[in-house]
Amino acid sequence: MVLSGTWWVNSGADFTPEMAVPVPAGGFVKRTARTFHYDGVPANVDEPVVVAVFGIGPVDIELPDPHLPSWRRV
């Protein structure tokens, strides 16, 4: 759930940040277990964002391409 600011999200094995969609304050994103997704705030956005993340664990990470870093600045 986005508490303040705008959170940018997308799903799929291909990392295409230009296709991310904004989720404004008050919005939420439901993720399905074991599906590829990524989210964050683009580097050129100055507005801070606060999100609340909750779910059922444990959590394991499976990257679509383990040779790439798990996070990237865009």
# chains A, B, ... in the order shown; residues from 1 in each chain; ligands from 1
>>> residues_around(residues="A:Val41", least_positions_apart="5", cutoff="10 Å", atoms="only C-alpha atoms", output="list in words")
Gly5, Thr6, Trp7, Trp8, Val9, Pro17, Ala20, Pro22, Asp46, Glu47, Pro48, Val49, Arg73 and Val74 of chain A
>>> closest_residue(among="A:Leu3, A:Val45, A:Val29, A:Ala13", to="A:Pro64", atoms="only C-alpha atoms")
A:Ala13
>>> select_by_dssp(residues="chain A", states="strand (DSSP E or B)", output="list of chain:residue names")
A:Val2, A:Leu3, A:Ser4, A:Thr6, A:Trp7, A:Trp8, A:Val9, A:Asn10, A:Ser11, A:Val21, A:Pro22, A:Val23, A:Pro24, A:His37, A:Tyr38, A:Asp39, A:Gly40, A:Val50, A:Val51
>>> atom_distance(atom1="atom CA of A:Asn10", atom2="atom CA of A:His67")
20.6 Å
>>> residues_around(residues="A:Phe28", least_positions_apart="4", cutoff="8 Å", atoms="only C-alpha atoms", output="VMD selection string")
chain A and resid 1 to 2 23
>>> atom_distance(atom1="atom CA of A:Arg72", atom2="atom CA of A:Asn44")
13.7 Å
>>> closest_residue(among="A:Pro69, A:Ser4, A:Val53, A:Glu62", to="A:Pro24", atoms="only C-alpha atoms")
A:Ser4
>>> closest_residue(among="A:Gly26, A:Val51, A:Phe15, A:Ile56", to="A:Leu68", atoms="only C-alpha atoms")
A:Phe15
>>> atom_distance(atom1="atom CA of A:Ala25", atom2="atom CA of A:His37")
19.8 Å
>>> residues_around(residues="A:Ser11", least_positions_apart="4", cutoff="8 Å", atoms="only C-alpha atoms", output="list in words")
Thr35, Phe36, His37 and Tyr38 of chain A
>>> closest_residue(among="A:Asp65, A:Ser70, A:Phe54, A:Val59", to="A:Arg34", atoms="only C-alpha atoms")
A:Val59
